[in-house]
Amino acid sequence: MNHNTPITPRPLPLASRTGRPERLASADQLRALGLPAGEVAARCRPGGWQQLLPGVFLLQPGPPTSEDRLRAALLYARRTGAVPQQGPDAMITGLAALTLHRFSSAPPLTALERIDVLVPRTRRLRSTGWVRVLRAAESPEPVELTGVPVAPVARAVADAVSGLSDAETVRGLLTEAVRGGHCEPGGLVRELSRARLLGRPHVVDAVDALLAEGRSLSEERLYEMVRDFALPDPLWNVDLRLPGGPHLGGVDAYWPDQAVAVELDTRAPRQDDDALWSEYTRKREHLERLGITVVHLTPRKLREAMDQQATVVRTALMASSDRKPAAYVVVLPR
């Protein structure tokens, strides 16, 4: 008897959610089906099954597809022995996640040498082969793309950047995240800060470009809102001062006849965020004591509910006739 002859595989009662035979299985799933380790090893002879990762098997010959690699990484991360967790147990993150989010600046799955998987911090799991295991103190809520749980964009970008040293690549990912409307600059910088990446010079340079990109987009949407909803033309990007007195601060739009100002909140959450917020609050309170109504808009509000924000501004303009006249202020170009 030739012991090197592959065992003819018999069908396994494993089916995916689509009803098709499952291409992958974990050692625990195979054991639950009654296949002893010896038979699994025999099926993994040349021309048969393949062990892609520890405890994860491709149940047919031939190279694994990109989808096989994604699902194998998740199977590896969900192996038996994990302590039950609240919330998601594993999701794809990093460059692979951004590819699934359809980032043009992320490489195709076939070109990725590594797939990042995000798991809870308490999991005892090591990176192996082409899988890099990353841990989260608080796992974000995944998005399901092509049937695979995927980290949201801000977290996926931070995880991708943690493994990149090329400044141009980092800048491209951050810019696409904001320009493509995937996430707000503040949320993205918050994830980079949480991952302790803001100490890397090439990341800091990319963040500065990101914030400039975010403010530019927000200003364009503010111009669009005034134009499309037929609001009166304001004075754009001006500084306010008391006559012969102190500087009151800059605003993004100001209607002097109605004493209404609009300010875009494009702050980046950095270490001095509390101080910046306190300074912003003091400025707003000072202006309002002078009778100037300050309308606070965020990039997300402008992007997702521009009509509602236009109504807020219009209401503030119409209500000016019911208020006491505001203090006279000097308006200067910023």
# chains A, B, ... in the order shown; residues from 1 in each chain; ligands from 1

$ residues_around --residues "Asp307 in chain A" --least-positions-apart "6" --cutoff "10 Å" --atoms "only C-alpha atoms" --output "list in words"
Met225, Asp228, Phe229 and Lys301 of chain A

$ select_by_dssp --residues "range 96-255 of chain A" --states "helix (DSSP H, G or I)" --output "ChimeraX atom specification"
/A:96-100,109-111,153-161,167-179,185-194,201-228

$ residues_around --residues "Arg196 in chain A" --least-positions-apart "2" --cutoff "12 Å" --atoms "only C-alpha atoms" --output "PyMOL selection string"
chain A and resi 158-159+161-162+189-194+198-200+203-204+270-271

$ residues_around --residues "Val40 in chain A" --least-positions-apart "4" --cutoff "12 Å" --atoms "only C-alpha atoms" --output "list in words"
Pro6, Ile7, Thr8, Pro9, Arg10, Ala25, Ser26, Ala27, Asp28, Gln29, Leu30, Arg31, Leu33, Gly34, Leu35, Pro36, Cys44, Arg45, Gly48, Trp49, Gln50, Gln51, Gly55, Val56, Phe57, Leu58 and Leu59 of chain A

$ atom_distance --atom1 "CA of Arg215 in chain A" --atom2 "CA of Asp252 in chain A"
10.6 Å

$ closest_residue --among "A:Ser139, A:Leu74, A:Arg69, A:Asp208" --to "Leu112 in chain A" --atoms "only C-alpha atoms"
A:Arg69
